[in-house]
Amino acid sequence: IISINHNLIYRLQDDGKCGFHITTPKTKAGIREIPMFKAVKSVLLGEKLHQMQNGFNQTVIDGYTGFIFKNRFNTVYSPHCINRAIKRIYEDYNSHEIIQAQKEKREPLLLPHFSVHNLRHTFCTRLCENTSDRNTLKMIQEIMGHSDISTTLDIYTELTRDKKQAAFEELEGKFKIG
């Protein structure tokens with residue numbers, strides 16, 4: 001179980017420099033527990049073993065320690081650093097895809113620009129796509145830390161064309177038209 005009870009933020013400070021701080025979630029709903037998929041647990045255990053051999057994150061922020069992920073300087077990652085890594089990945093993929101598409105005489109399937117925050121939207125969308133059960137939707141709302149289900153459903157979920165098509169195929173013949 002992952003317990004969300006504090007946030008690590010990276011903000012502009014009074015001295016004009018950016019820095020890390022620990023805050024509490026914005027709302028009561030933001031304090032939550034999230035069950036872990038087995039694959040996530042496996043990756044986290046692998047990271048722990050790696051750090052047991054190579055050293056743990058030594059960062060201290062506002063008295064807090066024990067941060068899981070670390071950069072090459074043994075400190076926490078900034079959001080900017082993660083977004084730069086994501087950008088390198090999709091730009092590299094797109095470069096290769098353009099060349100491959102030209103060779104195959106087809107339109108390239110390019111990845112759009114996205115940031116680490118988009119992954120939160122994607123996670124929520126995939127969870128919602130795989131259920132219509134009211135109790136499961138309530139659980140997704142709690143996992144996302146939303147105080148209102150409309151935030152989960154209206155802002156964080158986007159139906160894909162395939163999911164809309166599948167939904168209509170399921171409804172085919174259930175409506176009398178004409």
# chains A, B, ... in the order shown; residues from 1 in each chain; ligands from 1
>>> select_by_dssp(residues="chain A", states="alpha helix (DSSP H)", output="PyMOL selection string")
chain A and resi 38-54+79-103+116-129+134-144+149-150+161-171
>>> write_last_selection(atoms="C-alpha atoms", output="compact mmCIF listing (two decimals), in the first residue's frame")
# COMPACT_ATOMS: atom_id res chain seq x y z
CA LYS A 38 2.40 -6.50 -8.13
CA ALA A 39 4.55 -5.12 -10.97
CA VAL A 40 4.96 -1.80 -9.11
CA LYS A 41 5.99 -3.62 -5.93
CA SER A 42 8.51 -5.65 -7.92
CA VAL A 43 10.06 -2.52 -9.45
CA LEU A 44 10.24 -0.80 -6.06
CA LEU A 45 11.92 -3.86 -4.50
CA GLY A 46 14.37 -3.89 -7.41
CA GLU A 47 15.16 -0.23 -6.79
CA LYS A 48 15.71 -0.96 -3.10
CA LEU A 49 18.15 -3.77 -3.95
CA HIS A 50 19.95 -1.49 -6.41
CA GLN A 51 20.30 1.22 -3.76
CA MET A 52 21.43 -1.29 -1.13
CA GLN A 53 24.39 -1.95 -3.43
CA ASN A 54 24.95 1.59 -4.71
CA PRO A 79 9.78 17.54 -12.26
CA HIS A 80 11.76 19.42 -14.92
CA CYS A 81 14.33 16.61 -15.03
CA ILE A 82 11.64 13.96 -15.49
CA ASN A 83 9.90 16.01 -18.18
CA ARG A 84 13.21 16.44 -20.04
CA ALA A 85 13.71 12.65 -19.99
CA ILE A 86 10.17 12.09 -21.30
CA LYS A 87 10.80 14.65 -24.06
CA ARG A 88 14.01 12.88 -25.12
CA ILE A 89 12.10 9.58 -25.29
CA TYR A 90 9.22 10.79 -27.46
CA GLU A 91 11.49 12.91 -29.69
CA ASP A 92 13.78 9.92 -30.24
CA TYR A 93 10.81 7.66 -30.94
CA ASN A 94 9.31 10.20 -33.36
CA SER A 95 12.61 10.57 -35.25
CA HIS A 96 12.85 6.81 -35.75
CA GLU A 97 9.14 6.54 -36.60
CA ILE A 98 9.41 9.18 -39.34
CA ILE A 99 12.26 7.26 -40.98
CA GLN A 100 10.44 3.92 -40.62
CA ALA A 101 7.21 5.37 -42.04
CA GLN A 102 9.07 6.76 -45.06
CA LYS A 103 10.63 3.34 -45.70
CA VAL A 116 4.75 13.59 -16.32
CA HIS A 117 1.39 15.04 -15.24
CA ASN A 118 -0.21 13.61 -18.40
CA LEU A 119 0.70 10.16 -17.06
CA ARG A 120 -1.67 10.82 -14.13
CA HIS A 121 -4.47 11.55 -16.63
CA THR A 122 -3.60 8.41 -18.60
CA PHE A 123 -3.59 6.24 -15.48
CA CYS A 124 -7.01 7.53 -14.42
CA THR A 125 -8.40 7.14 -17.94
CA ARG A 126 -7.21 3.52 -18.19
CA LEU A 127 -8.69 2.70 -14.79
CA CYS A 128 -12.06 4.19 -15.76
CA GLU A 129 -12.03 2.51 -19.19
CA ARG A 134 -20.07 2.42 -9.35
CA ASN A 135 -18.02 1.06 -6.42
CA THR A 136 -14.91 0.77 -8.58
CA LEU A 137 -15.40 4.32 -9.88
CA LYS A 138 -15.64 5.51 -6.25
CA MET A 139 -12.38 3.67 -5.51
CA ILE A 140 -10.70 5.38 -8.50
CA GLN A 141 -11.92 8.76 -7.18
CA GLU A 142 -10.29 8.01 -3.83
CA ILE A 143 -7.04 6.78 -5.41
CA MET A 144 -6.81 9.97 -7.46
CA ILE A 149 -16.40 12.11 -8.56
CA SER A 150 -17.12 14.72 -11.27
CA ARG A 161 -12.28 6.38 -30.14
CA ASP A 162 -11.92 2.61 -29.73
CA LYS A 163 -13.72 2.63 -26.37
CA LYS A 164 -16.58 4.73 -27.79
CA GLN A 165 -16.88 2.35 -30.76
CA ALA A 166 -16.89 -0.69 -28.45
CA ALA A 167 -19.57 0.90 -26.26
CA PHE A 168 -21.79 1.50 -29.28
CA GLU A 169 -21.23 -2.02 -30.56
CA GLU A 170 -22.41 -3.28 -27.17
CA LEU A 171 -25.52 -1.08 -27.42
>>> closest_residue(among="A:Glu104, A:Ile34, A:Leu8, A:Lys26", to="A:Val60", atoms="only C-alpha atoms")
A:Leu8
>>> atom_distance(atom1="atom CA of A:Lys28", atom2="atom CA of A:His6")
11.4 Å
>>> closest_residue(among="A:Cys18, A:Thr131, A:Pro112, A:Ile2", to="A:Pro35", atoms="only C-alpha atoms")
A:Ile2
>>> atom_distance(atom1="atom CA of A:Tyr64", atom2="atom CA of A:Gly19")
14.4 Å
>>> closest_residue(among="A:Ile61, A:Thr151, A:Gly145, A:Gln13", to="A:Pro25", atoms="only C-alpha atoms")
A:Gly145
